[in-house]
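Pasted below: my_file-v7.csv, CSV, C-alpha atoms.
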```
chain,number,residue,atom,x,y,z
A,7,ARG,CA,13.9,-30.2,4.7
A,8,LEU,CA,13.7,-31.9,1.3
A,9,GLU,CA,12.5,-35.5,0.6
A,10,SER,CA,12.4,-37.5,-2.6
A,11,ALA,CA,8.8,-37.7,-3.9
A,12,ASP,CA,9.5,-41.0,-5.9
A,13,ARG,CA,12.0,-43.8,-6.0
A,14,ILE,CA,15.5,-42.7,-6.9
A,15,LEU,CA,16.7,-44.2,-10.2
A,16,LEU,CA,20.3,-44.0,-11.2
A,17,ARG,CA,21.5,-45.7,-14.4
A,18,PHE,CA,25.1,-46.6,-15.4
A,19,ASP,CA,25.6,-46.9,-19.2
A,20,GLY,CA,29.2,-47.3,-20.4
A,21,PRO,CA,31.2,-44.2,-19.5
A,22,SER,CA,28.5,-42.2,-17.6
A,23,PHE,CA,25.9,-42.2,-14.9
A,24,GLU,CA,22.4,-41.0,-15.8
A,25,LEU,CA,19.8,-39.5,-13.4
A,26,PRO,CA,16.6,-39.8,-15.4
A,27,GLY,CA,14.7,-37.6,-12.9
A,28,LEU,CA,14.8,-36.8,-9.2
A,29,ARG,CA,11.9,-34.9,-7.7
A,30,LEU,CA,12.5,-33.3,-4.3
A,31,GLN,CA,9.7,-31.9,-2.2
A,32,GLY,CA,9.5,-29.8,1.0
A,33,GLU,CA,7.3,-27.1,2.4
A,34,ASN,CA,6.6,-24.6,-0.4
A,35,THR,CA,9.4,-26.3,-2.3
A,36,GLU,CA,9.6,-28.6,-5.3
A,37,LEU,CA,12.8,-29.2,-7.3
A,38,PHE,CA,13.4,-31.5,-10.3
A,39,LEU,CA,16.9,-32.7,-11.2
A,40,ALA,CA,18.0,-34.7,-14.2
A,41,GLY,CA,21.2,-35.3,-16.2
A,42,THR,CA,24.4,-37.2,-16.5
A,43,ARG,CA,27.9,-37.4,-15.0
A,44,THR,CA,30.7,-39.2,-16.8
A,45,THR,CA,33.2,-41.4,-15.1
A,46,ALA,CA,35.8,-38.7,-16.0
A,47,GLY,CA,33.7,-36.2,-13.9
A,48,ALA,CA,32.0,-34.2,-16.7
A,49,LEU,CA,28.6,-32.8,-15.7
A,50,ASP,CA,25.5,-32.2,-17.7
A,51,LEU,CA,22.7,-31.5,-15.3
A,52,GLN,CA,19.5,-29.5,-15.4
A,53,ALA,CA,17.4,-28.3,-12.5
A,54,GLN,CA,14.1,-26.5,-12.3
A,55,GLY,CA,11.4,-25.9,-9.8
A,56,ARG,CA,10.4,-23.5,-6.9
A,57,LEU,CA,12.1,-22.8,-3.6
A,58,ASP,CA,10.8,-21.4,-0.3
A,59,ALA,CA,12.4,-18.0,0.2
A,60,ARG,CA,12.8,-18.7,3.9
A,61,ILE,CA,16.1,-20.4,3.0
A,62,LEU,CA,17.6,-16.8,2.8
A,63,ASP,CA,17.3,-16.5,6.6
A,64,SER,CA,20.1,-19.0,6.9
A,65,LEU,CA,22.2,-17.7,3.9
A,66,LEU,CA,22.0,-14.0,4.9
A,67,PRO,CA,22.1,-13.6,8.7
A,68,GLN,CA,21.5,-9.9,8.5
A,69,ILE,CA,17.9,-10.4,7.4
A,70,GLU,CA,15.0,-12.2,9.0
A,71,HIS,CA,11.4,-13.3,8.3
A,72,ALA,CA,12.0,-13.9,4.6
A,73,THR,CA,9.0,-15.2,2.7
A,74,GLY,CA,8.0,-15.7,-0.9
A,75,VAL,CA,8.6,-18.2,-3.7
A,76,VAL,CA,11.7,-18.4,-6.0
A,77,GLU,CA,11.1,-20.1,-9.4
A,78,ILE,CA,14.5,-21.3,-10.8
A,79,LYS,CA,15.8,-22.9,-14.0
A,80,ALA,CA,19.5,-23.8,-14.1
A,81,ALA,CA,22.1,-25.9,-16.0
A,82,ILE,CA,25.3,-27.3,-14.4
A,83,THR,CA,28.2,-28.3,-16.7
A,84,GLY,CA,31.9,-28.5,-16.3
A,85,THR,CA,33.3,-31.0,-13.9
A,86,GLY,CA,32.7,-32.1,-10.3
A,87,GLU,CA,35.9,-30.2,-9.3
A,88,ARG,CA,35.0,-27.1,-11.4
A,89,PRO,CA,31.3,-26.9,-11.9
A,90,VAL,CA,29.8,-24.2,-14.2
A,91,LEU,CA,26.4,-23.0,-13.2
A,92,VAL,CA,24.1,-20.8,-15.4
A,93,GLY,CA,20.5,-20.1,-14.7
A,94,SER,CA,17.6,-17.7,-14.1
A,95,ALA,CA,15.2,-17.1,-11.3
A,96,ASN,CA,12.0,-15.2,-10.6
A,97,VAL,CA,11.0,-14.0,-7.2
A,98,GLU,CA,7.3,-13.8,-6.4
A,99,ARG,CA,5.6,-12.3,-3.3
A,100,GLY,CA,9.0,-11.8,-1.6
A,101,ALA,CA,9.3,-10.1,1.8
A,102,PHE,CA,11.9,-9.7,4.5
A,103,ARG,CA,13.2,-7.4,7.3
A,104,VAL,CA,16.7,-6.1,7.8
A,105,LYS,CA,18.0,-6.7,11.3
A,106,VAL,CA,19.2,-3.6,13.3
A,107,LEU,CA,18.1,-1.1,10.6
A,108,PRO,CA,14.5,0.0,10.2
A,109,ILE,CA,14.1,-1.5,6.8
A,110,GLN,CA,11.2,-3.8,5.9
A,111,VAL,CA,10.4,-5.0,2.4
A,112,GLN,CA,6.7,-5.7,2.2
A,113,ARG,CA,6.7,-6.9,-1.4
A,114,LEU,CA,9.4,-8.0,-3.9
A,115,GLN,CA,9.1,-9.1,-7.5
A,116,ALA,CA,12.4,-9.7,-9.3
A,117,ASP,CA,14.0,-11.3,-12.3
A,118,LEU,CA,17.5,-12.7,-11.7
A,119,THR,CA,20.2,-14.4,-13.8
A,120,PHE,CA,23.0,-16.2,-12.0
A,121,SER,CA,26.2,-18.2,-12.3
A,122,GLN,CA,28.6,-19.7,-9.8
A,123,ASN,CA,30.3,-16.3,-9.7
A,124,GLN,CA,27.5,-13.7,-9.5
A,125,VAL,CA,23.8,-12.9,-9.3
A,126,LEU,CA,22.5,-10.1,-11.6
A,127,VAL,CA,19.4,-8.2,-10.5
A,128,GLU,CA,17.8,-7.3,-13.9
A,129,ASN,CA,14.3,-6.2,-13.0
A,130,ALA,CA,13.2,-5.8,-9.4
A,131,THR,CA,10.3,-3.8,-8.0
A,132,LEU,CA,9.8,-3.4,-4.2
A,133,LEU,CA,7.4,-2.0,-1.7
A,134,VAL,CA,9.8,-1.0,1.1
A,135,ASN,CA,8.8,0.9,4.2
A,136,GLN,CA,5.5,1.7,2.4
A,137,GLY,CA,7.3,3.3,-0.5
A,138,LYS,CA,7.9,2.2,-4.1
A,139,ALA,CA,11.4,1.3,-5.3
A,140,GLN,CA,13.3,-0.3,-8.1
A,141,LEU,CA,16.5,-2.2,-7.6
A,142,ARG,CA,19.3,-3.2,-10.0
A,143,GLY,CA,22.9,-4.4,-9.8
A,144,ALA,CA,25.0,-7.4,-9.0
A,145,VAL,CA,26.1,-9.6,-6.1
A,146,SER,CA,29.4,-11.4,-6.6
A,147,LEU,CA,29.8,-14.8,-5.1
A,148,ARG,CA,32.6,-16.8,-3.6
A,149,ASN,CA,32.2,-20.5,-2.8
A,150,TRP,CA,28.5,-20.1,-3.6
A,151,ALA,CA,28.0,-17.5,-1.0
A,152,PRO,CA,27.7,-13.6,-1.2
A,153,ASP,CA,31.1,-11.9,-1.4
A,154,ARG,CA,30.6,-8.4,-2.8
A,155,PHE,CA,27.5,-6.2,-3.3
A,156,ASP,CA,27.0,-3.5,-6.0
A,157,LEU,CA,23.3,-2.6,-5.9
A,158,THR,CA,21.4,0.7,-6.7
A,159,LEU,CA,18.0,1.5,-5.4
A,160,ASP,CA,15.7,4.3,-6.7
A,161,GLY,CA,13.0,4.9,-4.1
A,162,GLU,CA,9.9,7.1,-4.0
A,163,ARG,CA,8.3,8.2,-0.7
A,164,VAL,CA,10.0,5.6,1.5
A,165,SER,CA,9.4,5.9,5.3
A,166,TRP,CA,12.5,6.1,7.4
A,167,ARG,CA,12.8,6.2,11.2
A,168,ALA,CA,16.5,6.5,12.1
A,169,PRO,CA,17.1,8.4,14.3
A,170,ALA,CA,13.7,7.4,15.8
A,171,ASP,CA,12.9,11.0,16.9
A,172,TRP,CA,12.9,12.1,13.2
A,173,PRO,CA,10.3,10.1,11.3
A,174,ALA,CA,10.6,11.0,7.7
A,175,VAL,CA,9.5,10.2,4.2
A,176,VAL,CA,12.3,10.3,1.6
A,177,SER,CA,12.8,9.8,-2.2
A,178,GLY,CA,16.1,9.4,-4.1
A,179,ARG,CA,18.9,7.1,-5.1
A,180,LEU,CA,21.0,4.9,-2.8
A,181,HIS,CA,23.9,2.7,-3.5
A,182,PHE,CA,24.7,-0.4,-1.4
A,183,GLY,CA,28.2,-1.8,-2.0
A,184,GLY,CA,31.2,-3.3,-0.5
A,185,ASN,CA,32.5,-6.6,0.8
A,186,TRP,CA,30.2,-9.0,2.6
A,187,PRO,CA,29.6,-9.2,5.5
A,188,ARG,CA,31.5,-6.5,7.5
A,189,ASP,CA,32.7,-3.9,5.0
A,190,LEU,CA,29.5,-2.4,3.4
A,191,LEU,CA,28.6,1.2,2.6
A,192,LEU,CA,25.2,2.7,2.1
A,193,SER,CA,25.7,6.0,0.2
A,194,GLY,CA,23.7,8.4,-2.1
A,195,GLU,CA,21.3,11.3,-1.9
A,196,VAL,CA,17.7,11.5,-0.9
A,197,VAL,CA,15.2,14.3,-0.7
A,198,VAL,CA,13.3,14.6,2.6
A,199,ASP,CA,9.7,14.8,1.3
A,200,ARG,CA,8.2,14.9,4.8
A,201,LEU,CA,9.7,15.2,8.3
A,202,ARG,CA,8.2,15.7,11.7
A,203,TYR,CA,10.0,16.3,15.0
A,204,ALA,CA,7.6,16.0,18.0
A,205,ARG,CA,9.8,15.8,21.0
A,206,ASP,CA,10.7,18.7,23.3
A,207,LEU,CA,13.0,21.0,21.3
A,208,ASP,CA,16.7,21.3,22.3
A,209,LEU,CA,18.7,21.6,19.1
A,210,GLU,CA,22.0,22.2,20.8
A,211,ARG,CA,21.5,19.1,22.9
A,212,MET,CA,20.4,17.1,19.9
A,213,ILE,CA,23.6,18.0,17.9
A,214,LEU,CA,25.8,17.0,20.9
A,215,ASP,CA,23.9,13.7,21.2
A,216,PHE,CA,24.3,12.9,17.6
A,217,ARG,CA,28.0,13.6,17.6
A,218,GLU,CA,28.5,11.6,20.8
A,219,GLN,CA,26.6,8.7,19.2
A,220,VAL,CA,29.0,8.7,16.3
A,221,ARG,CA,32.0,8.7,18.6
A,222,ARG,CA,30.6,6.1,21.0
A,223,PRO,CA,32.2,2.6,20.6
A,224,PRO,CA,29.8,-0.3,20.0
A,225,GLY,CA,28.7,-2.4,22.9
A,226,PRO,CA,29.8,-6.0,23.4
A,227,ASP,CA,26.7,-7.4,21.7
A,228,GLU,CA,26.6,-4.9,18.8
A,229,GLU,CA,28.3,-5.6,15.5
A,230,GLU,CA,29.1,-2.9,13.0
A,231,TRP,CA,28.7,-4.2,9.4
A,232,LEU,CA,27.3,-1.2,7.5
A,233,ARG,CA,28.8,2.4,7.2
A,234,LEU,CA,26.5,5.3,6.2
A,235,ASP,CA,27.3,8.3,4.0
A,236,VAL,CA,24.0,9.7,2.8
A,237,ASP,CA,23.1,13.3,1.8
A,238,LEU,CA,19.7,14.4,3.1
A,239,VAL,CA,18.3,17.3,1.0
A,240,GLY,CA,15.7,19.4,2.7
A,241,GLY,CA,12.2,19.4,1.3
A,242,ALA,CA,9.2,21.7,1.7
A,243,ASP,CA,7.2,19.6,4.2
A,244,MET,CA,9.5,19.6,7.3
A,245,ARG,CA,8.2,20.7,10.6
A,246,VAL,CA,8.8,20.9,14.3
A,247,ASP,CA,5.5,20.2,16.2
A,248,ASN,CA,5.8,19.7,19.9
A,249,ASN,CA,4.6,21.3,23.2
A,250,LEU,CA,7.1,24.2,22.8
A,251,LEU,CA,7.1,25.1,19.1
A,252,ARG,CA,5.2,24.7,15.9
A,253,ALA,CA,7.3,25.9,13.0
A,254,ARG,CA,8.7,25.0,9.6
A,255,LEU,CA,12.1,23.3,9.7
A,256,GLN,CA,14.8,24.1,7.1
A,257,PHE,CA,18.3,22.7,6.5
A,258,VAL,CA,20.9,25.4,6.0
A,259,ALA,CA,22.4,25.4,2.5
A,260,PRO,CA,26.2,24.9,2.5
A,261,PRO,CA,28.2,27.6,0.6
A,262,GLY,CA,27.9,27.2,-3.1
A,263,THR,CA,24.7,25.1,-3.0
A,264,GLU,CA,21.1,26.1,-3.5
A,265,ARG,CA,19.3,23.6,-1.2
A,266,GLY,CA,19.9,23.0,2.5
A,267,ARG,CA,21.2,19.5,3.4
A,268,LEU,CA,22.4,17.4,6.2
A,269,LYS,CA,24.6,14.3,6.0
A,270,LEU,CA,23.7,11.0,7.6
A,271,LEU,CA,26.9,9.3,8.9
A,272,GLY,CA,28.0,6.6,11.2
A,273,THR,CA,27.2,2.9,11.2
A,274,ASN,CA,24.2,0.6,11.6
A,275,VAL,CA,25.0,0.7,15.4
A,276,ARG,CA,25.9,4.5,15.7
A,277,LEU,CA,23.9,6.9,13.6
A,278,GLY,CA,24.7,10.6,13.4
A,279,LEU,CA,23.7,13.8,11.6
A,280,LEU,CA,26.1,16.5,10.5
A,281,GLY,CA,25.3,19.9,8.9
```
Is it possible to express this structure as structure tokens?
Amino acid sequence: RLESADRILLRFDGPSFELPGLRLQGENTELFLAGTRTTAGALDLQAQGRLDARILDSLLPQIEHATGVVEIKAAITGTGERPVLVGSANVERGAFRVKVLPIQVQRLQADLTFSQNQVLVENATLLVNQGKAQLRGAVSLRNWAPDRFDLTLDGERVSWRAPADWPAVVSGRLHFGGNWPRDLLLSGEVVVDRLRYARDLDLERMILDFREQVRRPPGPDEEEWLRLDVDLVGGADMRVDNNLLRARLQFVAPPGTERGRLKLLGTNVRLGLLG
């Protein structure tokens, strides 16, 4: 909720309305607006201030618990019917969790530039699932809302717990792209730096379970919005450690390749491993 910190003053001088300055305040939010609008509809407005990142919870329903501060500076020109927006933003102390998937961003620092058509991620560093990462790319907008994603993440020693029985630490490059909100693809290649399997060992049953999970239709309360196509390259620290077996685990190398690998497929609702 935003409220005016002072009296609102609006001047009319000949062919234009002038807003000398409007200061809006809310929890962790302060925004200053100033500029003019002609009677013909031409805009010349400036905005700057800071916003509470919790606003992202309402704009992006696939995330939750967003925190942080967004410093913005923007100019709005054009007309009321066709406004032109150009600006920049800096995200400080950002954090959020992705619903359904085991992804939690503990810290986000980012520099952004934006217009009414897209947001460019120019310099973003993250602490995600206890691992370091860098993010770059673009988000296309339609009617001021996300429409298409084209983002690349380079991560180092990021924890991953899907499937939950296979807690792992991975490094590599992932691409997040597609149309928002129900036609998105997470693809790429990661090296499994560390993996532990601690449940009772039944490899044949596990493979059958994974394949069945991929084929299983989603439940009535489950919504599939993300497809997965990620190569998992086997690393040196992968082990089975349970009450039946303690041994090193290796992925079998496909013909023509040097390193063993599996493929993570399915959706955010139905995960599966093939290989």
Protein, DNA and RNA residues within 10 Å of (9.8, -35.9, -8.7), all atoms listed in the file, as JSON, numbers by chain: {"A": [9, 10, 11, 12, 13, 14, 27, 28, 29, 30, 31, 36, 37, 38, 39, 40]}
Atom pair CA of Ala204 (chain A) / CA of Val258 (chain A): separation (Å):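 Rounded to one decimal, the two atoms are 20.2 Å apart.
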Neighbour residues at most 10 Å from (27.9, -11.1, -0.5) (all atoms listed in the file) as a list in words: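 Every polymer residue passing the test: Leu65, Leu66, Gln124, Val125, Ala144, Val145, Ser146, Leu147, Arg148, Trp150, Ala151, Pro152, Asp153, Arg154, Phe155, Asp156, Gly183, Gly184, Asn185, Trp186, Pro187, Arg188 and Leu190 of chain A.
Residue neighbourhood of region 128-133 of chain A, excluding near-sequence residues (fewer than 2 positions): Val111, Gln112, Arg113, Leu114, Gln115, Ala116, Asp117, Leu118, Thr119, Leu126, Asn135, Gln136, Gly137, Lys138, Ala139, Gln140, Leu141, Arg142 and Gly143 of chain A, at 8 Å, using only C-alpha atoms.
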Between CA of Arg163 (chain A) and CA of His181 (chain A), distance in Å (one decimal):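 Separation of CA of Arg163 (chain A) and CA of His181 (chain A): 16.8 Å.
Using only C-alpha atoms for every distance, the candidate list A:Arg99, A:Glu230, A:Val104, A:Arg205 yields A:Arg205 as the residue closest to Asn248 (chain A).
Across A:Val134, A:Ile69, A:Leu255, A:Leu280, the tightest approach to Asp235 (chain A) is made by A:Leu280 when counting all atoms listed in the file.
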Shell of 8 Å around Ala48 (chain A), all atoms listed in the file, local chain residues under 6 positions omitted, as a list in words: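 Contacts, in chain order: Thr83, Gly84, Thr85 and Gly86 of chain A.
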d(CA of Glu228 (chain A), CA of Leu159 (chain A)) in Å: 26.5 Å
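When all atoms listed in the file are used to measure the gap to Asp58 (chain A), the shortest distance among A:Ile82, A:Ala101, A:Val246, A:Leu16 belongs to A:Ala101.
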